[in-house]
$ cat structure_21.txt   # compact mmCIF, C-alpha atoms
# COMPACT_ATOMS: atom_id res chain seq x y z
CA MET F 1 -9.26 -38.06 -14.33
CA LEU F 2 -12.01 -36.94 -16.66
CA ILE F 3 -12.74 -33.79 -14.70
CA CYS F 4 -9.19 -32.55 -15.22
CA VAL F 5 -9.30 -33.12 -18.97
CA ASN F 6 -12.56 -31.20 -19.23
CA SER F 7 -11.30 -28.24 -17.29
CA LEU F 8 -8.16 -28.09 -19.44
CA THR F 9 -10.13 -27.71 -22.65
CA ASP F 10 -12.08 -24.84 -21.06
CA LEU F 11 -8.98 -23.04 -19.92
CA LYS F 12 -9.22 -20.14 -22.34
CA GLN F 13 -12.97 -19.64 -22.06
CA MET F 14 -13.79 -17.02 -19.48
CA LYS F 15 -17.00 -15.69 -18.07
CA LEU F 16 -16.94 -12.22 -16.55
CA TYR F 17 -19.74 -10.73 -14.47
CA ILE F 18 -19.96 -6.98 -14.93
CA LEU F 19 -21.87 -4.49 -12.78
CA PHE F 20 -22.67 -0.93 -13.81
CA PHE F 21 -23.45 1.98 -11.53
CA GLY F 22 -24.48 5.61 -11.74
CA ILE F 23 -24.15 7.13 -15.18
CA THR F 24 -22.65 3.97 -16.70
CA LYS F 25 -25.83 2.09 -15.81
CA ASP F 26 -27.80 4.71 -17.77
CA ILE F 27 -25.41 4.53 -20.74
CA VAL F 28 -25.55 0.74 -20.96
CA GLY F 29 -29.25 0.59 -20.09
CA SER F 30 -28.70 -2.22 -17.58
CA ASN F 31 -27.07 -2.71 -14.20
CA LYS F 32 -25.27 -5.93 -15.14
CA LEU F 33 -24.19 -8.20 -17.93
CA GLU F 34 -22.25 -11.41 -18.44
CA LEU F 35 -19.40 -11.39 -20.90
CA ASP F 36 -17.92 -14.51 -22.51
CA VAL F 37 -14.29 -13.94 -23.39
CA LYS F 38 -12.12 -16.26 -25.47
CA ASP F 39 -8.67 -14.76 -24.94
CA GLU F 40 -6.82 -13.23 -22.06
CA MET F 41 -8.24 -9.85 -21.12
CA THR F 42 -6.74 -7.06 -19.05
CA VAL F 43 -8.55 -4.25 -17.28
CA GLN F 44 -7.23 -1.86 -19.94
CA SER F 45 -8.66 -3.96 -22.79
CA LEU F 46 -12.00 -4.23 -21.00
CA LYS F 47 -12.10 -0.42 -20.68
CA GLU F 48 -11.35 -0.06 -24.39
CA TYR F 49 -14.00 -2.66 -25.20
CA PHE F 50 -16.68 -0.58 -23.46
CA GLN F 51 -15.39 2.70 -24.89
CA ASN F 52 -15.76 1.23 -28.37
CA ILE F 53 -19.25 -0.13 -27.87
CA TYR F 54 -20.47 2.89 -25.88
CA PRO F 55 -18.68 6.05 -27.10
CA GLU F 56 -20.31 7.98 -24.23
CA PHE F 57 -17.82 6.28 -21.89
CA LYS F 58 -15.11 8.44 -23.48
CA ARG F 59 -16.92 11.61 -22.40
CA LEU F 60 -16.83 10.71 -18.71
CA ASN F 61 -14.43 12.44 -16.33
CA SER F 62 -12.88 9.05 -15.70
CA PHE F 63 -13.94 5.59 -14.79
CA ALA F 64 -12.29 3.02 -12.59
CA ILE F 65 -12.66 -0.72 -12.42
CA ALA F 66 -13.02 -2.81 -9.30
CA VAL F 67 -12.53 -6.55 -9.31
CA ASN F 68 -14.17 -8.45 -6.48
CA SER F 69 -14.75 -5.17 -4.61
CA VAL F 70 -11.18 -3.84 -4.87
CA TYR F 71 -9.91 -1.06 -7.16
CA VAL F 72 -7.41 -2.50 -9.66
CA ARG F 73 -4.75 -1.21 -12.06
CA ASP F 74 -5.16 -1.28 -15.83
CA ASN F 75 -2.53 -4.00 -16.35
CA LEU F 76 -4.32 -6.62 -14.21
CA THR F 77 -5.41 -9.75 -16.10
CA LEU F 78 -9.01 -10.71 -15.44
CA GLN F 79 -9.90 -14.19 -14.25
CA THR F 80 -12.95 -16.26 -15.01
CA GLY F 81 -15.76 -15.72 -12.51
CA ASP F 82 -14.48 -12.28 -11.48
CA GLU F 83 -17.12 -9.79 -10.37
CA ILE F 84 -16.16 -6.62 -12.18
CA ALA F 85 -17.66 -3.24 -11.34
CA ILE F 86 -17.52 -0.21 -13.60
CA ILE F 87 -17.04 2.76 -11.26
CA PRO F 88 -17.76 6.19 -12.75
CA PRO F 89 -16.67 9.23 -10.70
CA VAL F 90 -18.00 8.74 -7.17
CA SER F 91 -20.03 11.45 -5.44
CA GLY F 92 -21.12 10.23 -2.02
CA GLY F 93 -21.57 12.33 1.10
CA MET Q 1 -20.49 0.84 12.99
CA ILE Q 2 -20.89 1.12 9.23
CA GLU Q 3 -24.36 1.39 7.77
CA LEU Q 4 -25.97 2.11 4.41
CA THR Q 5 -29.64 2.77 4.99
CA LYS Q 6 -32.79 3.29 2.96
CA ASP Q 7 -34.40 4.66 6.14
CA LYS Q 8 -33.77 7.99 7.80
CA VAL Q 9 -30.17 8.40 8.99
CA ASP Q 10 -30.32 8.18 12.79
CA ILE Q 11 -27.81 10.67 14.25
CA ASN Q 12 -28.24 9.46 17.82
CA LYS Q 13 -27.50 5.89 16.83
CA VAL Q 14 -24.27 7.02 15.13
CA ILE Q 15 -23.21 9.06 18.18
CA ASP Q 16 -24.10 6.31 20.62
CA ALA Q 17 -21.99 3.88 18.61
CA VAL Q 18 -18.80 5.83 19.42
CA ARG Q 19 -19.37 6.59 23.11
CA HIS Q 20 -16.45 5.50 25.29
CA LYS Q 21 -15.68 6.14 28.94
CA HIS Q 22 -12.16 7.41 28.15
CA ALA Q 23 -13.38 9.74 25.38
CA GLY Q 24 -13.06 13.45 26.05
CA GLY Q 25 -14.80 14.41 22.84
CA ILE Q 26 -17.03 13.18 20.05
CA ASP Q 27 -16.84 14.96 16.71
CA VAL Q 28 -19.83 14.65 14.38
CA PHE Q 29 -20.22 15.53 10.71
CA ILE Q 30 -23.69 15.65 9.21
CA GLY Q 31 -24.11 16.05 5.46
CA THR Q 32 -27.51 17.37 4.38
CA VAL Q 33 -29.37 17.77 1.10
CA ARG Q 34 -29.06 21.32 -0.19
CA ASP Q 35 -31.73 23.05 -2.28
CA GLN Q 36 -29.52 24.35 -5.07
CA THR Q 37 -26.35 23.66 -7.02
CA LYS Q 38 -24.62 26.42 -8.98
CA GLY Q 39 -27.80 28.48 -8.76
CA ARG Q 40 -30.04 25.72 -10.13
CA ARG Q 41 -32.91 24.59 -7.91
CA VAL Q 42 -32.60 21.01 -6.68
CA ILE Q 43 -35.76 19.09 -5.73
CA ALA Q 44 -34.19 15.89 -4.41
CA LEU Q 45 -31.07 13.73 -4.45
CA GLU Q 46 -30.88 10.08 -5.25
CA PHE Q 47 -28.06 7.96 -3.82
CA GLU Q 48 -26.94 4.71 -5.40
CA THR Q 49 -24.35 2.42 -3.81
CA TYR Q 50 -22.30 -0.64 -4.61
CA ASP Q 51 -23.10 -1.96 -1.14
CA LYS Q 52 -20.50 -4.67 -0.73
CA MET Q 53 -17.59 -2.54 -1.93
CA ALA Q 54 -18.81 0.65 -0.22
CA ILE Q 55 -18.72 -1.15 3.11
CA THR Q 56 -15.27 -2.60 2.35
CA GLU Q 57 -13.91 0.87 1.42
CA LEU Q 58 -15.50 2.56 4.45
CA ASN Q 59 -13.94 -0.09 6.65
CA LYS Q 60 -10.52 0.61 5.14
CA ILE Q 61 -10.93 4.38 5.57
CA MET Q 62 -11.94 4.04 9.20
CA ASN Q 63 -8.98 1.75 9.85
CA GLU Q 64 -6.68 4.29 8.20
CA ALA Q 65 -8.11 7.02 10.44
CA GLY Q 66 -7.51 4.80 13.47
CA LYS Q 67 -3.85 4.44 12.46
CA LYS Q 68 -3.33 8.16 11.82
CA TRP Q 69 -4.96 9.41 15.05
CA PRO Q 70 -5.52 7.99 18.54
CA LEU Q 71 -9.27 7.26 18.37
CA TYR Q 72 -11.66 5.15 20.39
CA HIS Q 73 -14.44 4.54 17.89
CA THR Q 74 -15.69 5.65 14.48
CA ALA Q 75 -19.20 5.26 13.05
CA ILE Q 76 -20.98 6.17 9.83
CA SER Q 77 -24.45 5.94 8.39
CA HIS Q 78 -24.99 6.87 4.74
CA ALA Q 79 -28.35 7.27 3.03
CA VAL Q 80 -29.39 5.20 0.01
CA GLY Q 81 -32.25 6.07 -2.33
CA ARG Q 82 -34.19 9.28 -2.74
CA LYS Q 83 -33.72 12.11 -0.22
CA LYS Q 84 -35.49 15.44 -0.13
CA ILE Q 85 -34.17 18.89 0.78
CA GLY Q 86 -32.94 19.06 4.38
CA ASP Q 87 -32.71 15.28 4.79
CA ILE Q 88 -29.51 13.81 6.17
CA ALA Q 89 -27.32 12.20 3.51
CA VAL Q 90 -24.54 11.07 5.83
CA ALA Q 91 -23.63 11.15 9.52
CA ILE Q 92 -20.14 10.40 10.84
CA ALA Q 93 -19.03 10.31 14.48
CA VAL Q 94 -15.55 9.90 15.94
CA SER Q 95 -14.55 9.63 19.60
CA ALA Q 96 -11.10 10.36 21.01
CA ALA Q 97 -9.45 11.39 24.26
CA HIS Q 98 -8.86 14.90 22.89
CA ARG Q 99 -10.76 16.99 20.36
CA ALA Q 100 -7.97 17.62 17.83
CA ALA Q 101 -7.77 13.96 16.85
CA ALA Q 102 -11.56 13.66 16.67
CA PHE Q 103 -11.91 16.74 14.42
CA ASP Q 104 -9.06 15.70 12.11
CA ALA Q 105 -10.18 12.08 11.80
CA CYS Q 106 -13.80 13.05 11.12
CA ARG Q 107 -12.69 15.35 8.32
CA TYR Q 108 -10.41 12.67 6.90
CA ILE Q 109 -13.28 10.18 6.80
CA ILE Q 110 -15.73 12.45 4.95
CA ASP Q 111 -13.06 13.80 2.55
CA THR Q 112 -11.81 10.31 1.68
CA LEU Q 113 -15.35 8.95 1.36
CA LYS Q 114 -15.98 11.56 -1.33
CA GLU Q 115 -12.84 10.50 -3.19
CA ARG Q 116 -13.20 6.76 -3.36
CA VAL Q 117 -16.25 5.12 -1.78
CA PRO Q 118 -18.53 3.74 -4.53
CA ILE Q 119 -21.58 5.87 -3.82
CA TRP Q 120 -23.19 8.02 -6.53
CA LYS Q 121 -25.45 11.02 -6.22
CA LYS Q 122 -27.98 12.11 -8.81
CA GLU Q 123 -29.34 15.64 -8.55
CA ILE Q 124 -33.00 15.87 -9.50
CA PHE Q 125 -34.01 19.29 -10.87
CA GLU Q 126 -37.43 20.57 -11.88
CA ASP Q 127 -36.48 20.01 -15.51
CA GLY Q 128 -34.04 17.13 -15.53
CA GLU Q 129 -31.44 15.19 -13.60
CA ILE Q 130 -27.64 14.89 -13.50
CA TRP Q 131 -25.19 12.35 -12.07
CA VAL Q 132 -22.85 14.54 -10.01
CA SER Q 133 -19.19 14.74 -11.21
CA ALA Q 134 -19.74 12.34 -14.11
CA HIS Q 135 -18.71 14.76 -16.85
CA PRO Q 136 -15.93 17.38 -17.03
$ encode --input "structure_21.txt" --output "structure tokens"
Amino acid sequence: MLICVNSLTDLKQMKLYILFFGITKDIVGSNKLELDVKDEMTVQSLKEYFQNIYPEFKRLNSFAIAVNSVYVRDNLTLQTGDEIAIIPPVSGG
Amino acid sequence: MIELTKDKVDINKVIDAVRHKHAGGIDVFIGTVRDQTKGRRVIALEFETYDKMAITELNKIMNEAGKKWPLYHTAISHAVGRKKIGDIAVAIAVSAAHRAAAFDACRYIIDTLKERVPIWKKEIFEDGEIWVSAHP
């Protein structure tokens, strides 16, 4: 069916939805952005991507990544449509 | 009960949420906005949250507490937005048959919240502002 053929050609194209909080929101100057990615991307490569564009990320104590509201490890491969949150050191309470 | 609120944190609501006829004790922790940090005068705090995930994480933490100790109920209300000196930032209540479990579980909830719940605090000073714990 046509629908299947179309989705196959789009297989490598990914759209990621990224949310920023706390100090990372200030660094980026926005609380969200959409990222179009051509190749496979892991959490680690996403972290490096932001550290390269925004060197201030390297000065943070640490930052974690959550995918669809769950903390994830650096080796996880991101999927299209994922809601990704950049989590700088938390300080609630 | 798990609540993130832009309004005033209501302590009585949090306590009432954990009342239970078999409970012999309710332990309550109240976090308040302090007027200084490392000798520097603080004017206000501003709390930001990733609502959806904060609620998910709080739910997990309260379930963990319920597995570690014999509890009846747990409840939490955390402030969002700008809070002035003396305001309540967070209120936690835990009910149990005996006080030891209630004390221990309440402490576990606040300590773990500070480690991993996606809530951020900005300290507002007279001459600037700082996201707490962001930098070494």
$ closest_residue --input "structure_21.txt" --among "F:Gln13, F:Thr77, F:Thr24, F:Asn61" --to "Asp36 (chain F)" --atoms "all atoms listed in the file"
F:Gln13
$ atom_distance --input "structure_21.txt" --atom1 "CA of Ala89 (chain Q)" --atom2 "CA of Gly25 (chain Q)"
23.1 Å
$ residues_around --input "structure_21.txt" --residues "Ile30 (chain Q)" --least-positions-apart "3" --cutoff "8 Å" --atoms "all atoms listed in the file" --output "list in words"
Ile88, Ala89, Val90, Ala91 and Ile92 of chain Q
$ write_last_selection --input "structure_21.txt" --atoms "C-alpha atoms" --output "compact mmCIF listing (two decimals), in the frame of the given file"
# COMPACT_ATOMS: atom_id res chain seq x y z
CA ILE Q 88 -29.51 13.81 6.17
CA ALA Q 89 -27.32 12.20 3.51
CA VAL Q 90 -24.54 11.07 5.83
CA ALA Q 91 -23.63 11.15 9.52
CA ILE Q 92 -20.14 10.40 10.84
$ closest_residue --input "structure_21.txt" --among "Q:Glu123, Q:Asp10, Q:Asp104, Q:Asp87" --to "Thr32 (chain Q)" --atoms "only C-alpha atoms"
Q:Asp87
$ residues_around --input "structure_21.txt" --residues "Ala17 (chain Q)" --least-positions-apart "4" --cutoff "7 Å" --atoms "only C-alpha atoms" --output "CSV table (one decimal) with C-alpha atoms, in the coordinates of the input"
chain,number,residue,atom,x,y,z
Q,1,MET,CA,-20.5,0.8,13.0
Q,13,LYS,CA,-27.5,5.9,16.8
Q,75,ALA,CA,-19.2,5.3,13.0
$ interface_residues --input "structure_21.txt" --of "chain Q" --to "chain F" --cutoff "12 Å" --atoms "all atoms listed in the file" --output "ChimeraX atom specification"
/Q:4,29-34,45-58,60,76-81,88-92,107,109-123,129-136
$ write_last_selection --input "structure_21.txt" --atoms "C-alpha atoms" --output "CSV table (one decimal), in the coordinates of the input"
chain,number,residue,atom,x,y,z
Q,4,LEU,CA,-26.0,2.1,4.4
Q,29,PHE,CA,-20.2,15.5,10.7
Q,30,ILE,CA,-23.7,15.6,9.2
Q,31,GLY,CA,-24.1,16.0,5.5
Q,32,THR,CA,-27.5,17.4,4.4
Q,33,VAL,CA,-29.4,17.8,1.1
Q,34,ARG,CA,-29.1,21.3,-0.2
Q,45,LEU,CA,-31.1,13.7,-4.4
Q,46,GLU,CA,-30.9,10.1,-5.2
Q,47,PHE,CA,-28.1,8.0,-3.8
Q,48,GLU,CA,-26.9,4.7,-5.4
Q,49,THR,CA,-24.4,2.4,-3.8
Q,50,TYR,CA,-22.3,-0.6,-4.6
Q,51,ASP,CA,-23.1,-2.0,-1.1
Q,52,LYS,CA,-20.5,-4.7,-0.7
Q,53,MET,CA,-17.6,-2.5,-1.9
Q,54,ALA,CA,-18.8,0.6,-0.2
Q,55,ILE,CA,-18.7,-1.2,3.1
Q,56,THR,CA,-15.3,-2.6,2.4
Q,57,GLU,CA,-13.9,0.9,1.4
Q,58,LEU,CA,-15.5,2.6,4.4
Q,60,LYS,CA,-10.5,0.6,5.1
Q,76,ILE,CA,-21.0,6.2,9.8
Q,77,SER,CA,-24.4,5.9,8.4
Q,78,HIS,CA,-25.0,6.9,4.7
Q,79,ALA,CA,-28.4,7.3,3.0
Q,80,VAL,CA,-29.4,5.2,0.0
Q,81,GLY,CA,-32.2,6.1,-2.3
Q,88,ILE,CA,-29.5,13.8,6.2
Q,89,ALA,CA,-27.3,12.2,3.5
Q,90,VAL,CA,-24.5,11.1,5.8
Q,91,ALA,CA,-23.6,11.2,9.5
Q,92,ILE,CA,-20.1,10.4,10.8
Q,107,ARG,CA,-12.7,15.4,8.3
Q,109,ILE,CA,-13.3,10.2,6.8
Q,110,ILE,CA,-15.7,12.4,5.0
Q,111,ASP,CA,-13.1,13.8,2.6
Q,112,THR,CA,-11.8,10.3,1.7
Q,113,LEU,CA,-15.4,9.0,1.4
Q,114,LYS,CA,-16.0,11.6,-1.3
Q,115,GLU,CA,-12.8,10.5,-3.2
Q,116,ARG,CA,-13.2,6.8,-3.4
Q,117,VAL,CA,-16.2,5.1,-1.8
Q,118,PRO,CA,-18.5,3.7,-4.5
Q,119,ILE,CA,-21.6,5.9,-3.8
Q,120,TRP,CA,-23.2,8.0,-6.5
Q,121,LYS,CA,-25.4,11.0,-6.2
Q,122,LYS,CA,-28.0,12.1,-8.8
Q,123,GLU,CA,-29.3,15.6,-8.6
Q,129,GLU,CA,-31.4,15.2,-13.6
Q,130,ILE,CA,-27.6,14.9,-13.5
Q,131,TRP,CA,-25.2,12.4,-12.1
Q,132,VAL,CA,-22.8,14.5,-10.0
Q,133,SER,CA,-19.2,14.7,-11.2
Q,134,ALA,CA,-19.7,12.3,-14.1
Q,135,HIS,CA,-18.7,14.8,-16.8
Q,136,PRO,CA,-15.9,17.4,-17.0
$ atom_distance --input "structure_21.txt" --atom1 "CA of Lys38 (chain Q)" --atom2 "CA of Lys83 (chain Q)"
19.1 Å
$ build_atoms --input "structure_21.txt" --residues "region 37-73 of chain Q" --atoms "N, CA and C atoms" --output "mmCIF file, keeping the file's coordinate frame"
data_model
loop_
_atom_site.group_PDB
_atom_site.id
_atom_site.type_symbol
_atom_site.label_atom_id
_atom_site.label_comp_id
_atom_site.auth_asym_id
_atom_site.auth_seq_id
_atom_site.Cartn_x
_atom_site.Cartn_y
_atom_site.Cartn_z
ATOM 1 N N THR Q 37 -27.736 23.898 -6.631
ATOM 2 C CA THR Q 37 -26.350 23.660 -7.020
ATOM 3 C C THR Q 37 -26.035 24.595 -8.169
ATOM 4 N N LYS Q 38 -25.008 25.398 -7.998
ATOM 5 C CA LYS Q 38 -24.620 26.420 -8.980
ATOM 6 C C LYS Q 38 -25.837 27.243 -9.426
ATOM 7 N N GLY Q 39 -26.662 27.616 -8.465
ATOM 8 C CA GLY Q 39 -27.800 28.480 -8.760
ATOM 9 C C GLY Q 39 -29.021 27.768 -9.317
ATOM 10 N N ARG Q 40 -28.905 26.466 -9.571
ATOM 11 C CA ARG Q 40 -30.040 25.720 -10.130
ATOM 12 C C ARG Q 40 -30.784 25.018 -8.991
ATOM 13 N N ARG Q 41 -32.111 25.123 -9.004
ATOM 14 C CA ARG Q 41 -32.910 24.590 -7.910
ATOM 15 C C ARG Q 41 -32.975 23.055 -7.922
ATOM 16 N N VAL Q 42 -32.574 22.468 -6.813
ATOM 17 C CA VAL Q 42 -32.600 21.010 -6.680
ATOM 18 C C VAL Q 42 -33.866 20.609 -5.921
ATOM 19 N N ILE Q 43 -34.531 19.568 -6.396
ATOM 20 C CA ILE Q 43 -35.760 19.090 -5.730
ATOM 21 C C ILE Q 43 -35.436 17.931 -4.784
ATOM 22 N N ALA Q 44 -34.539 17.067 -5.218
ATOM 23 C CA ALA Q 44 -34.190 15.890 -4.410
ATOM 24 C C ALA Q 44 -32.852 15.339 -4.882
ATOM 25 N N LEU Q 45 -32.282 14.456 -4.065
ATOM 26 C CA LEU Q 45 -31.070 13.730 -4.450
ATOM 27 C C LEU Q 45 -31.389 12.253 -4.410
ATOM 28 N N GLU Q 46 -30.708 11.520 -5.290
ATOM 29 C CA GLU Q 46 -30.880 10.080 -5.250
ATOM 30 C C GLU Q 46 -29.505 9.428 -5.110
ATOM 31 N N PHE Q 47 -29.341 8.611 -4.069
ATOM 32 C CA PHE Q 47 -28.060 7.960 -3.820
ATOM 33 C C PHE Q 47 -28.113 6.497 -4.245
ATOM 34 N N GLU Q 48 -27.077 6.109 -5.011
ATOM 35 C CA GLU Q 48 -26.940 4.710 -5.400
ATOM 36 C C GLU Q 48 -25.624 4.202 -4.820
ATOM 37 N N THR Q 49 -25.588 2.956 -4.395
ATOM 38 C CA THR Q 49 -24.350 2.420 -3.810
ATOM 39 C C THR Q 49 -24.038 1.043 -4.371
ATOM 40 N N TYR Q 50 -22.751 0.740 -4.375
ATOM 41 C CA TYR Q 50 -22.300 -0.640 -4.610
ATOM 42 C C TYR Q 50 -22.032 -1.154 -3.200
ATOM 43 N N ASP Q 51 -23.081 -1.689 -2.592
ATOM 44 C CA ASP Q 51 -23.100 -1.960 -1.140
ATOM 45 C C ASP Q 51 -21.848 -2.659 -0.618
ATOM 46 N N LYS Q 52 -21.580 -3.820 -1.235
ATOM 47 C CA LYS Q 52 -20.500 -4.670 -0.730
ATOM 48 C C LYS Q 52 -19.175 -3.906 -0.713
ATOM 49 N N MET Q 53 -18.869 -3.244 -1.830
ATOM 50 C CA MET Q 53 -17.590 -2.540 -1.930
ATOM 51 C C MET Q 53 -17.587 -1.255 -1.102
ATOM 52 N N ALA Q 54 -18.738 -0.579 -1.023
ATOM 53 C CA ALA Q 54 -18.810 0.650 -0.220
ATOM 54 C C ALA Q 54 -18.478 0.333 1.229
ATOM 55 N N ILE Q 55 -18.998 -0.774 1.727
ATOM 56 C CA ILE Q 55 -18.720 -1.150 3.110
ATOM 57 C C ILE Q 55 -17.242 -1.524 3.285
ATOM 58 N N THR Q 56 -16.698 -2.252 2.302
ATOM 59 C CA THR Q 56 -15.270 -2.600 2.350
ATOM 60 C C THR Q 56 -14.410 -1.333 2.377
ATOM 61 N N GLU Q 57 -14.708 -0.373 1.497
ATOM 62 C CA GLU Q 57 -13.910 0.870 1.420
ATOM 63 C C GLU Q 57 -14.065 1.701 2.694
ATOM 64 N N LEU Q 58 -15.285 1.785 3.217
ATOM 65 C CA LEU Q 58 -15.500 2.560 4.450
ATOM 66 C C LEU Q 58 -14.714 1.942 5.607
ATOM 67 N N ASN Q 59 -14.709 0.611 5.633
ATOM 68 C CA ASN Q 59 -13.940 -0.090 6.650
ATOM 69 C C ASN Q 59 -12.458 0.264 6.568
ATOM 70 N N LYS Q 60 -11.935 0.275 5.335
ATOM 71 C CA LYS Q 60 -10.520 0.610 5.140
ATOM 72 C C LYS Q 60 -10.244 2.037 5.613
ATOM 73 N N ILE Q 61 -11.137 2.964 5.226
ATOM 74 C CA ILE Q 61 -10.930 4.380 5.570
ATOM 75 C C ILE Q 61 -10.946 4.575 7.085
ATOM 76 N N MET Q 62 -11.872 3.893 7.745
ATOM 77 C CA MET Q 62 -11.940 4.040 9.200
ATOM 78 C C MET Q 62 -10.724 3.414 9.873
ATOM 79 N N ASN Q 63 -10.214 2.328 9.313
ATOM 80 C CA ASN Q 63 -8.980 1.750 9.850
ATOM 81 C C ASN Q 63 -7.795 2.688 9.646
ATOM 82 N N GLU Q 64 -7.758 3.322 8.475
ATOM 83 C CA GLU Q 64 -6.680 4.290 8.200
ATOM 84 C C GLU Q 64 -6.741 5.434 9.214
ATOM 85 N N ALA Q 65 -7.946 5.921 9.473
ATOM 86 C CA ALA Q 65 -8.110 7.020 10.440
ATOM 87 C C ALA Q 65 -7.617 6.576 11.817
ATOM 88 N N GLY Q 66 -7.924 5.339 12.166
ATOM 89 C CA GLY Q 66 -7.510 4.800 13.470
ATOM 90 C C GLY Q 66 -5.991 4.651 13.590
ATOM 91 N N LYS Q 67 -5.314 4.521 12.435
ATOM 92 C CA LYS Q 67 -3.850 4.440 12.460
ATOM 93 C C LYS Q 67 -3.216 5.824 12.508
ATOM 94 N N LYS Q 68 -3.893 6.793 11.880
ATOM 95 C CA LYS Q 68 -3.330 8.160 11.820
ATOM 96 C C LYS Q 68 -3.536 8.921 13.124
ATOM 97 N N TRP Q 69 -4.643 8.654 13.830
ATOM 98 C CA TRP Q 69 -4.960 9.410 15.050
ATOM 99 C C TRP Q 69 -5.341 8.443 16.176
ATOM 100 N N PRO Q 70 -5.116 8.854 17.421
ATOM 101 C CA PRO Q 70 -5.520 7.990 18.540
ATOM 102 C C PRO Q 70 -7.025 8.125 18.794
ATOM 103 N N LEU Q 71 -7.802 7.187 18.279
ATOM 104 C CA LEU Q 71 -9.270 7.260 18.370
ATOM 105 C C LEU Q 71 -9.785 6.114 19.242
ATOM 106 N N TYR Q 72 -11.001 6.275 19.737
ATOM 107 C CA TYR Q 72 -11.660 5.150 20.390
ATOM 108 C C TYR Q 72 -12.578 4.434 19.401
ATOM 109 N N HIS Q 73 -13.532 5.178 18.837
ATOM 110 C CA HIS Q 73 -14.440 4.540 17.890
ATOM 111 C C HIS Q 73 -14.764 5.473 16.733
#
